[in-house]
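K.L.:
Got a structure for you, start-v6.cif, holding mmCIF, C-alpha atoms and all ligand atoms.
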```
data_coords
#
loop_
_atom_site.label_atom_id
_atom_site.label_comp_id
_atom_site.auth_asym_id
_atom_site.auth_seq_id
_atom_site.Cartn_x
_atom_site.Cartn_y
_atom_site.Cartn_z
CA MET E 8 6.85 -5.03 5.20
CA THR E 9 6.13 -1.41 6.04
CA GLY E 10 3.97 -0.30 8.97
CA ALA E 11 4.22 -3.72 10.57
CA ASN E 12 4.19 -3.19 14.33
CA GLN E 13 0.39 -3.56 14.60
CA GLY E 14 -2.82 -4.14 12.69
CA LEU E 15 -2.77 -5.79 9.29
CA GLY E 16 0.98 -5.28 8.80
CA TYR E 17 1.78 -7.30 11.92
CA ALA E 18 -0.48 -10.13 10.74
CA LEU E 19 1.14 -10.00 7.30
CA VAL E 20 4.60 -10.43 8.81
CA ASN E 21 3.36 -13.37 10.83
CA ALA E 22 1.78 -14.99 7.76
CA LEU E 23 4.76 -14.26 5.53
CA CYS E 24 7.19 -15.78 8.06
CA ARG E 25 5.01 -18.88 8.18
CA ALA E 26 4.72 -19.08 4.38
CA LEU E 27 8.45 -18.64 3.72
CA GLY E 28 9.61 -20.91 6.53
CA PRO E 29 12.95 -20.74 8.32
CA ASP E 30 14.91 -19.85 5.16
CA GLY E 31 12.94 -16.65 4.51
CA ILE E 32 14.24 -13.39 5.94
CA VAL E 33 11.29 -11.12 6.71
CA TYR E 34 11.88 -7.51 7.73
CA LEU E 35 9.31 -6.11 10.13
CA THR E 36 9.67 -2.36 9.77
CA ALA E 37 8.10 0.31 11.94
CA ARG E 38 8.58 4.04 12.45
CA ASP E 39 8.93 3.70 16.22
CA PRO E 40 11.85 1.44 17.24
CA ASP E 41 10.33 0.47 20.59
CA ARG E 42 7.00 -0.54 19.04
CA GLY E 43 8.79 -2.31 16.19
CA GLN E 44 11.12 -4.26 18.46
CA ALA E 45 8.23 -5.20 20.76
CA ALA E 46 6.25 -6.51 17.77
CA ALA E 47 9.21 -8.53 16.48
CA ALA E 48 9.76 -9.95 19.97
CA ALA E 49 6.07 -10.92 20.28
CA LEU E 50 6.28 -12.77 16.97
CA GLY E 51 9.50 -14.38 18.18
CA ARG E 52 7.62 -15.78 21.17
CA ALA E 53 5.10 -17.22 18.70
CA GLY E 54 7.86 -19.09 16.87
CA ARG E 55 8.49 -16.60 14.03
CA SER E 56 11.75 -14.77 13.51
CA PRO E 57 11.22 -11.49 11.69
CA VAL E 58 14.09 -8.99 11.70
CA PHE E 59 13.23 -5.50 12.90
CA HIS E 60 14.40 -2.50 10.89
CA PRO E 61 13.32 1.11 11.57
CA LEU E 62 11.46 2.81 8.74
CA ASP E 63 9.47 6.01 8.61
CA VAL E 64 7.99 6.22 5.12
CA THR E 65 7.65 10.01 5.40
CA VAL E 66 11.40 10.49 5.82
CA GLN E 67 13.48 10.14 2.65
CA ALA E 68 16.68 9.36 4.59
CA SER E 69 14.93 6.55 6.43
CA VAL E 70 13.70 5.01 3.16
CA ASP E 71 17.16 5.41 1.59
CA THR E 72 18.76 3.67 4.58
CA LEU E 73 16.40 0.71 4.21
CA ALA E 74 17.11 0.45 0.48
CA GLU E 75 20.87 0.63 1.04
CA MET E 76 20.69 -2.03 3.77
CA LEU E 77 18.75 -4.38 1.46
CA ARG E 78 21.18 -3.77 -1.38
CA ALA E 79 24.30 -4.24 0.74
CA ARG E 80 23.06 -7.21 2.76
CA HIS E 81 21.01 -9.10 0.17
CA GLY E 82 21.68 -7.55 -3.24
CA GLY E 83 17.95 -7.02 -3.78
CA VAL E 84 14.50 -7.88 -2.52
CA ASP E 85 12.00 -10.64 -3.38
CA VAL E 86 8.81 -9.43 -1.71
CA VAL E 87 7.73 -5.89 -0.81
CA ILE E 88 4.44 -5.26 0.97
CA SER E 89 3.84 -1.53 1.23
CA ASN E 90 1.30 -1.28 4.01
CA ALA E 91 2.16 1.72 6.23
CA ALA E 92 -0.68 4.17 6.64
CA ALA E 93 -1.63 7.12 8.82
CA ARG E 94 -5.09 7.04 10.38
CA VAL E 95 -7.95 9.49 10.06
CA ASP E 96 -9.37 10.65 13.38
CA PRO E 97 -13.15 11.12 13.03
CA VAL E 98 -13.27 13.94 15.61
CA VAL E 99 -10.49 16.09 14.08
CA PRO E 100 -11.31 18.27 11.03
CA GLN E 101 -10.01 16.57 7.89
CA ALA E 102 -8.32 19.79 6.78
CA ALA E 103 -6.06 19.43 9.83
CA GLN E 104 -5.13 15.83 8.95
CA VAL E 105 -4.97 15.66 5.18
CA ARG E 106 -1.36 16.80 4.75
CA ARG E 107 0.13 14.20 7.10
CA PHE E 108 -2.27 11.57 5.75
CA VAL E 109 -1.24 12.10 2.12
CA GLU E 110 2.42 12.49 3.07
CA THR E 111 2.31 9.02 4.66
CA ASN E 112 -0.17 7.07 2.55
CA ASN E 113 0.58 8.54 -0.87
CA HIS E 114 4.02 10.11 -0.90
CA GLY E 115 5.24 7.37 1.45
CA THR E 116 4.01 4.81 -1.07
CA THR E 117 5.71 6.45 -4.07
CA ARG E 118 8.89 7.08 -2.05
CA ILE E 119 9.15 3.35 -1.32
CA MET E 120 8.46 2.51 -5.00
CA ARG E 121 11.27 4.76 -6.19
CA ALA E 122 13.73 3.39 -3.62
CA LEU E 123 12.90 -0.33 -3.79
CA GLY E 124 11.79 -0.64 -7.43
CA PRO E 125 15.39 -0.85 -8.69
CA LEU E 126 16.11 -3.59 -6.13
CA LEU E 127 13.38 -6.01 -7.26
CA ARG E 128 14.89 -9.35 -8.12
CA ASP E 129 13.68 -11.75 -10.79
CA GLY E 130 10.36 -13.23 -9.69
CA ALA E 131 9.78 -10.47 -7.12
CA ARG E 132 6.33 -9.54 -5.83
CA TYR E 133 5.50 -5.93 -4.97
CA LEU E 134 2.12 -5.32 -3.32
CA VAL E 135 0.63 -2.05 -2.15
CA VAL E 136 -2.06 -2.41 0.49
CA ALA E 137 -4.81 -0.09 -0.73
CA SER E 138 -8.59 -0.45 -0.63
CA SER E 139 -11.64 -0.91 -2.81
CA PHE E 140 -12.23 2.81 -2.12
CA GLY E 141 -9.33 3.24 -4.54
CA THR E 142 -11.39 2.50 -7.64
CA LEU E 143 -11.92 5.28 -10.15
CA GLY E 144 -15.71 5.06 -9.99
CA HIS E 145 -15.58 7.14 -6.80
CA LEU E 146 -14.47 10.21 -8.81
CA ALA E 147 -16.20 12.47 -11.33
CA LEU E 148 -14.66 12.55 -14.83
CA PRO E 149 -12.70 15.83 -14.58
CA LEU E 150 -10.93 14.48 -11.50
CA GLN E 151 -10.47 11.04 -13.08
CA ASN E 152 -8.36 12.79 -15.72
CA ARG E 153 -5.77 13.55 -13.02
CA PHE E 154 -5.21 9.79 -12.68
CA ASP E 155 -4.74 8.81 -16.32
CA ILE E 156 -2.60 5.75 -15.83
CA SER E 157 -1.67 5.48 -19.51
CA THR E 158 0.23 8.80 -19.53
CA ALA E 159 0.80 9.98 -15.94
CA SER E 160 4.17 9.71 -14.23
CA LEU E 161 4.60 9.02 -10.52
CA ALA E 162 5.43 12.74 -10.17
CA ASP E 163 2.07 13.59 -11.80
CA ILE E 164 0.24 11.41 -9.28
CA ASP E 165 2.18 13.04 -6.43
CA GLU E 166 1.22 16.44 -7.82
CA ALA E 167 -2.46 15.49 -8.12
CA MET E 168 -2.38 14.50 -4.46
CA ASN E 169 -0.66 17.77 -3.48
CA ASP E 170 -3.41 19.69 -5.31
CA TYR E 171 -5.98 17.61 -3.45
CA VAL E 172 -4.33 18.47 -0.10
CA ALA E 173 -4.39 22.18 -0.97
CA ALA E 174 -8.06 21.93 -1.95
CA VAL E 175 -9.01 20.30 1.37
CA GLU E 176 -6.98 22.81 3.37
CA ASP E 177 -8.52 25.76 1.50
CA GLY E 178 -12.06 24.39 1.81
CA ARG E 179 -12.42 23.99 -1.99
CA ALA E 180 -12.42 20.19 -2.17
CA ALA E 181 -16.20 19.66 -2.13
CA SER E 182 -16.86 22.29 -4.82
CA LEU E 183 -14.20 20.65 -7.00
CA GLY E 184 -16.05 17.34 -6.66
CA TRP E 185 -13.65 15.46 -4.38
CA PRO E 186 -15.34 12.84 -2.16
CA ASP E 187 -15.90 13.82 1.48
CA TRP E 188 -13.71 11.27 3.21
CA ILE E 189 -9.97 11.84 2.65
CA ASN E 190 -9.35 8.10 2.60
CA VAL E 191 -11.11 7.84 -0.79
CA PRO E 192 -8.99 10.22 -2.92
CA SER E 193 -5.93 8.96 -1.07
CA LYS E 194 -6.63 5.33 -1.97
CA ILE E 195 -7.36 6.27 -5.60
CA GLY E 196 -3.99 8.04 -5.71
CA GLN E 197 -2.31 4.99 -4.17
CA VAL E 198 -3.84 2.57 -6.69
CA ALA E 199 -3.07 4.94 -9.60
CA ALA E 200 0.56 5.17 -8.43
CA THR E 201 0.78 1.37 -8.29
CA LYS E 202 -0.54 1.10 -11.86
CA VAL E 203 1.89 3.75 -13.12
CA PHE E 204 4.82 2.12 -11.31
CA ALA E 205 3.84 -1.27 -12.78
CA ARG E 206 3.46 0.24 -16.27
CA ASP E 207 6.87 1.93 -16.04
CA ILE E 208 8.71 -1.31 -15.31
CA TRP E 209 6.51 -3.61 -17.41
CA ALA E 210 9.27 -4.49 -19.92
CA ARG E 211 11.55 -5.68 -17.12
CA ALA E 212 8.69 -7.23 -15.13
CA GLU E 213 7.57 -9.31 -18.10
CA CYS E 214 11.05 -10.72 -18.69
CA ALA E 215 11.90 -11.17 -15.04
CA GLY E 216 8.57 -12.53 -13.80
CA ILE E 217 7.96 -9.60 -11.45
CA LEU E 218 4.40 -9.07 -10.16
CA ILE E 219 3.11 -5.65 -9.09
CA ASP E 220 -0.43 -5.13 -7.80
CA ALA E 221 -2.41 -3.11 -5.31
CA VAL E 222 -4.49 -5.16 -2.90
CA CYS E 223 -7.62 -4.55 -0.87
CA PRO E 224 -7.90 -6.67 2.27
CA GLY E 225 -11.61 -5.90 2.79
CA LEU E 226 -12.79 -4.62 6.16
CA VAL E 227 -10.34 -5.60 8.91
CA ASP E 228 -10.82 -5.16 12.62
CA THR E 229 -7.95 -2.84 13.61
CA GLU E 230 -7.54 0.31 15.69
CA ALA E 231 -7.65 2.24 12.41
CA SER E 232 -11.03 0.96 11.19
CA ARG E 233 -12.89 0.63 14.50
CA PRO E 234 -13.74 4.34 14.99
CA TRP E 235 -15.38 4.45 11.53
CA PHE E 236 -17.78 1.53 11.62
CA ARG E 237 -20.46 1.06 14.26
CA ASP E 238 -20.93 -2.59 13.39
CA MET E 239 -17.71 -4.53 12.99
CA ALA E 240 -19.45 -7.92 12.90
CA ALA E 241 -18.49 -8.43 9.26
CA ALA E 242 -14.88 -7.36 9.78
CA GLN E 243 -12.16 -9.97 9.37
CA THR E 244 -9.43 -10.49 11.89
CA PRO E 245 -6.05 -9.20 10.67
CA ALA E 246 -4.87 -12.82 10.45
CA ALA E 247 -7.77 -13.77 8.17
CA ALA E 248 -7.28 -10.66 6.01
CA ALA E 249 -3.57 -11.45 5.64
CA ARG E 250 -4.23 -14.79 3.91
CA ASP E 251 -5.16 -13.57 0.41
CA ILE E 252 -2.40 -10.96 0.41
CA VAL E 253 0.29 -13.43 1.39
CA TRP E 254 -1.13 -15.88 -1.16
CA LEU E 255 -0.44 -13.26 -3.86
CA ALA E 256 2.93 -12.33 -2.37
CA THR E 257 4.14 -15.91 -2.46
CA LEU E 258 2.40 -17.18 -5.59
CA SER E 259 4.65 -19.24 -7.80
CA ASP E 260 5.69 -17.29 -10.91
CA ASP E 261 4.29 -19.94 -13.26
CA VAL E 262 0.74 -18.98 -12.19
CA ARG E 263 -0.78 -16.35 -14.49
CA VAL E 264 -2.33 -13.49 -12.54
CA PRO E 265 -3.46 -9.95 -13.39
CA TYR E 266 -0.63 -7.42 -13.31
CA ALA E 267 -1.01 -3.73 -12.35
CA GLU E 268 -4.46 -4.34 -10.87
CA LEU E 269 -6.26 -3.73 -7.60
CA VAL E 270 -6.87 -7.25 -6.28
CA GLN E 271 -9.41 -8.08 -3.59
CA HIS E 272 -9.94 -11.64 -2.40
CA ARG E 273 -7.95 -12.97 -5.39
CA ARG E 274 -9.97 -11.05 -8.02
CA ALA E 275 -9.15 -7.82 -9.86
CA LEU E 276 -11.49 -4.85 -9.28
CA VAL E 277 -12.58 -2.66 -12.18
CA TRP E 278 -10.68 0.59 -12.93
CA GLN E 279 -12.97 2.24 -15.45
CA TYR E 280 -12.94 5.86 -16.69
CA ALA E 281 -16.39 7.45 -16.81
CA ASP E 282 -16.02 8.14 -20.56
CA GLY E 283 -15.15 4.48 -21.11
CA ALA E 284 -11.88 5.41 -22.85
CA SER E 285 -10.00 2.15 -23.28
CA SER E 286 -6.90 4.00 -24.53
CA ARG E 287 -6.27 5.08 -20.97
CA ARG E 288 -5.96 1.57 -19.70
CA PHE E 289 -2.89 -0.46 -19.02
CA SER E 290 -3.52 -4.13 -18.59
CA ALA E 291 -1.32 -7.17 -18.68
CA THR E 292 -1.19 -10.63 -17.24
CA ARG E 293 1.90 -12.35 -16.13
N1 LIG X 1 -8.45 -1.87 8.56
C1 LIG X 1 -9.21 -1.94 7.48
O1 LIG X 1 -10.43 -2.22 7.53
C2 LIG X 1 -8.59 -1.68 6.13
C3 LIG X 1 -9.42 -1.82 5.00
C4 LIG X 1 -8.87 -1.58 3.74
C5 LIG X 1 -7.53 -1.21 3.64
N2 LIG X 1 -6.76 -1.08 4.77
C6 LIG X 1 -5.36 -0.67 4.60
O2 LIG X 1 -4.53 -1.61 5.25
C7 LIG X 1 -3.33 -0.96 5.69
C8 LIG X 1 -3.11 -1.24 7.18
O3 LIG X 1 -4.22 -0.73 7.89
P1 LIG X 1 -4.48 -1.07 9.41
O4 LIG X 1 -5.94 -1.08 9.61
O5 LIG X 1 -3.64 -2.23 9.84
O6 LIG X 1 -3.92 0.28 10.09
P2 LIG X 1 -3.14 0.51 11.49
O7 LIG X 1 -3.55 -0.49 12.48
O8 LIG X 1 -3.32 1.95 11.80
O9 LIG X 1 -1.61 0.23 11.09
C9 LIG X 1 -0.92 1.13 10.30
C10 LIG X 1 0.55 0.89 10.47
O10 LIG X 1 1.25 1.90 9.71
C11 LIG X 1 2.22 2.48 10.56
N3 LIG X 1 2.62 3.83 10.17
C12 LIG X 1 1.92 4.99 10.31
N4 LIG X 1 2.67 6.03 9.87
C13 LIG X 1 3.85 5.51 9.45
C14 LIG X 1 5.03 6.08 8.91
N5 LIG X 1 5.15 7.41 8.72
N6 LIG X 1 6.05 5.25 8.58
C15 LIG X 1 5.95 3.91 8.77
N7 LIG X 1 4.87 3.32 9.30
C16 LIG X 1 3.82 4.12 9.64
C17 LIG X 1 1.61 2.45 11.95
O11 LIG X 1 2.63 2.61 12.91
P3 LIG X 1 2.32 3.24 14.38
O12 LIG X 1 1.85 2.11 15.22
O13 LIG X 1 3.65 3.78 14.77
O14 LIG X 1 1.28 4.30 14.20
C18 LIG X 1 1.00 1.05 11.92
O15 LIG X 1 1.98 0.09 12.19
C19 LIG X 1 -3.53 0.53 5.38
O16 LIG X 1 -2.93 0.84 4.15
C20 LIG X 1 -5.04 0.65 5.27
O17 LIG X 1 -5.45 1.75 4.49
C21 LIG X 1 -7.26 -1.31 6.00
#
```
Written as structure tokens, how would this file's structure read?
Ligand SMILES: NC(=O)c1ccc[n+]([C@@H]2O[C@H](COP(=O)([O-])OP(=O)(O)OC[C@H]3O[C@@H](n4cnc5c(N)ncnc54)[C@H](OP(=O)(O)O)[C@@H]3O)[C@@H](O)[C@H]2O)c1
P.N.:
Amino acid sequence: MTGANQGLGYALVNALCRALGPDGIVYLTARDPDRGQAAAAALGRAGRSPVFHPLDVTVQASVDTLAEMLRARHGGVDVVISNAAARVDPVVPQAAQVRRFVETNNHGTTRIMRALGPLLRDGARYLVVASSFGTLGHLALPLQNRFDISTASLADIDEAMNDYVAAVEDGRAASLGWPDWINVPSKIGQVAATKVFARDIWARAECAGILIDAVCPGLVDTEASRPWFRDMAAAQTPAAAARDIVWLATLSDDVRVPYAELVQHRRALVWQYADGASSRRFSATR
């Protein structure tokens, strides 16, 4: 679990420990060792026993160290929940935040895919915590073409996000048709990357019973969401939001579920190009 010292990630570790029971080894990772160890200790007092491991998703060496530890100690990994995310501060200009935001939420996501993808064991589940903002309908067609999941590589998605960062920093993003809030293009890039990653390993996933999806938890009451919504009455607690994600992460591999989708509350959300081109789709069920 990445980004697990607070918020949804912390609740996901708690729920995953409970779901897997005493035989499951759950790694609570965090970029700050003190915050990570404190979170693991708090869960320990609640009867869970996650293992802390430091991980900063923006640092390649940190990601490589995690992958090497998993390979050496366990020979692979059964469940990955890629959850780490930088926040957007509403009072700081977005141009001053977009680079770090994309570096964490997008390049951090693809960095983890490249490092942990080869370690997925038979029956593994790989979930990327994204958002319903990550559906293609939030983009105009010319920009949708940058996220063609039938042909793009992960490097193409990274490059589209780098171009987006440059456009925000140069003040060109609005005239190019990008949505105002940097969380929206970022989540679209994250979901597109998940679909491309899933497409790339589909042959192995089909044989080995591997599931890859993006997930949207819905609105969750965390320090990250609170500054953006005046009324949080409809927000779920992190514990409640963790339920559907851990359900998917621990689903038995004889249950058929959508693969390479964005799943919210156990249902796949639509990823539809504005020109309706079905050739640019990748869909499978496993
Ligand atoms: N909250 C919502 O309503 C909502 C809705 C839809 C989707 N989501 C998604 O759910 C996920 C979790 O959100 P949240 O609300 O729980 O956010 P949060 O409370 O801000 O938690 C984010 C976690 O990511 C960690 N993190 C930040 N930068 C990192 C880095 N470079 N390397 C490793 N970890 C890093 C943070 O660590 P620090 O404590 O060190 O900063 C924190 O543990 C995000 O992907 C978010 O987009 C949330």
K.L.:
Ligand LIG 1 (chain X): which residues are within 8 Å, counting all atoms listed in the file, as number ranges by chain?
P.N.:
E: 9-17, 36-39, 42, 62-66, 89-94, 111-112, 115, 135-139, 190, 194, 223-233, 242, 245
K.L.:
Give me, please, the distance in Å between CA of Gln271 (chain E) and CA of Ala247 (chain E), quoted to one decimal.
P.N.:
13.2 Å
K.L.:
Rank nothing, just name the residue among E:Ala275, E:Val86, E:Ala199, E:Val99 nearest to Gly141 (chain E), using only C-alpha atoms.
P.N.:
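Checking each candidate against Gly141 (chain E), we get E:Ala199 as the closest.
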K.L.:
Quick one: which region 192-272 of chain E residues come within 9 Å of region 153-158 of chain E, and what is the nearest atom pair for each with the distance in Å to one decimal, counting only C-alpha atoms, rows ordered by chain and ascending number, as a Markdown table?
P.N.:
```
| residue | atom | partner | partner_atom | distance |
| --- | --- | --- | --- | --- |
| E:Ile195 | CA | E:Phe154 | CA | 8.2 |
| E:Gly196 | CA | E:Phe154 | CA | 7.3 |
| E:Ala199 | CA | E:Phe154 | CA | 6.1 |
| E:Ala200 | CA | E:Ile156 | CA | 8.1 |
| E:Lys202 | CA | E:Ile156 | CA | 6.5 |
| E:Val203 | CA | E:Ile156 | CA | 5.6 |
| E:Arg206 | CA | E:Ser157 | CA | 8.0 |
```
K.L.:
Would you please work out which residue, of E:His272, E:Arg179, E:Arg121, E:Arg263, is nearest to Arg250 (chain E) when using all atoms listed in the file?
P.N.:
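When distances to Arg250 (chain E) are compared using all atoms listed in the file, the smallest one comes from E:His272.
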K.L.:
Tell me, in Å to one decimal, how far CA of Val198 (chain E) is from CA of Arg273 (chain E).
P.N.:
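If I compute the distance from CA of Val198 (chain E) to CA of Arg273 (chain E), I get 16.1 Å.
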K.L.:
Which one of E:His60, E:Arg274, E:Ala74, E:Leu27 sits closest to Pro40 (chain E) if you count all atoms listed in the file?
P.N.:
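Among the listed residues, E:His60 lies closest to Pro40 (chain E).
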K.L.:
Could you check how far CA of Asp187 (chain E) sits from CA of Ala281 (chain E), in Å to one decimal?
P.N.:
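If I compute the distance from CA of Asp187 (chain E) to CA of Ala281 (chain E), I get 19.4 Å.
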K.L.:
Determine the nearest neighbour of Gln104 (chain E) from the options E:Gly178, E:Thr72, E:Ile189, E:Asp85, counting only C-alpha atoms.
P.N.:
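Using only C-alpha atoms, the shortest distance to Gln104 (chain E) belongs to E:Ile189.
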K.L.:
Rank E:Val20, E:Val175, E:Leu276, E:Val33 by their smallest atom-to-atom distance to Leu143 (chain E), using all atoms listed in the file, and report the top residue only.
P.N.:
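Nearest to Leu143 (chain E): E:Leu276.
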K.L.:
Could you check the closest approach to Ala249 (chain E) for each of E:Leu134, E:Ala167, E:Ala18, E:Ala159 and tell me which residue wins, using only C-alpha atoms?
P.N.:
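Once distances to Ala249 (chain E) are computed over only C-alpha atoms, the minimum belongs to E:Ala18.
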K.L.:
Show me the residues close to (20.4, 0.7, 2.4) - anything with an atom within 12 Å, counting all atoms listed in the file - and format the list as a ChimeraX atom specification.
P.N.:
/E:60-62,67-84,122-123,126
K.L.:
From (-3.7, -4.9, -10.8), in the file's coordinates, out to 7 Å: which residues are reached, counting only C-alpha atoms? Answer as an MDAnalysis selection string.
P.N.:
chainID E and resid 202 220:221 265:270 275
K.L.:
Could I get region 82-93 of chain E rebuilt with N, CA and C atoms, written as a PDB file, keeping the file's coordinate frame?
P.N.:
```
ATOM      1  N   GLY E  82      21.564  -7.783  -1.789  1.00  0.00           N
ATOM      2  CA  GLY E  82      21.680  -7.550  -3.240  1.00  0.00           C
ATOM      3  C   GLY E  82      20.352  -7.326  -3.927  1.00  0.00           C
ATOM      4  N   GLY E  83      19.263  -7.252  -3.175  1.00  0.00           N
ATOM      5  CA  GLY E  83      17.950  -7.020  -3.780  1.00  0.00           C
ATOM      6  C   GLY E  83      16.853  -7.459  -2.823  1.00  0.00           C
ATOM      7  N   VAL E  84      15.634  -7.511  -3.371  1.00  0.00           N
ATOM      8  CA  VAL E  84      14.500  -7.880  -2.520  1.00  0.00           C
ATOM      9  C   VAL E  84      13.527  -8.724  -3.341  1.00  0.00           C
ATOM     10  N   ASP E  85      12.927  -9.710  -2.695  1.00  0.00           N
ATOM     11  CA  ASP E  85      12.000 -10.640  -3.380  1.00  0.00           C
ATOM     12  C   ASP E  85      10.540 -10.284  -3.177  1.00  0.00           C
ATOM     13  N   VAL E  86      10.204  -9.773  -2.005  1.00  0.00           N
ATOM     14  CA  VAL E  86       8.810  -9.430  -1.710  1.00  0.00           C
ATOM     15  C   VAL E  86       8.782  -8.079  -1.000  1.00  0.00           C
ATOM     16  N   VAL E  87       7.973  -7.162  -1.507  1.00  0.00           N
ATOM     17  CA  VAL E  87       7.730  -5.890  -0.810  1.00  0.00           C
ATOM     18  C   VAL E  87       6.233  -5.808  -0.558  1.00  0.00           C
ATOM     19  N   ILE E  88       5.849  -5.568   0.683  1.00  0.00           N
ATOM     20  CA  ILE E  88       4.440  -5.260   0.970  1.00  0.00           C
ATOM     21  C   ILE E  88       4.415  -3.865   1.593  1.00  0.00           C
ATOM     22  N   SER E  89       3.876  -2.935   0.831  1.00  0.00           N
ATOM     23  CA  SER E  89       3.840  -1.530   1.230  1.00  0.00           C
ATOM     24  C   SER E  89       2.498  -1.286   1.909  1.00  0.00           C
ATOM     25  N   ASN E  90       2.536  -1.227   3.221  1.00  0.00           N
ATOM     26  CA  ASN E  90       1.300  -1.280   4.010  1.00  0.00           C
ATOM     27  C   ASN E  90       1.120  -0.074   4.938  1.00  0.00           C
ATOM     28  N   ALA E  91       2.211   0.648   5.221  1.00  0.00           N
ATOM     29  CA  ALA E  91       2.160   1.720   6.230  1.00  0.00           C
ATOM     30  C   ALA E  91       1.096   2.751   5.874  1.00  0.00           C
ATOM     31  N   ALA E  92       0.373   3.189   6.875  1.00  0.00           N
ATOM     32  CA  ALA E  92      -0.680   4.170   6.640  1.00  0.00           C
ATOM     33  C   ALA E  92      -0.939   4.972   7.905  1.00  0.00           C
ATOM     34  N   ALA E  93      -1.154   6.279   7.716  1.00  0.00           N
ATOM     35  CA  ALA E  93      -1.630   7.120   8.820  1.00  0.00           C
ATOM     36  C   ALA E  93      -3.134   6.884   8.958  1.00  0.00           C
TER      37      ALA E  93
END
```
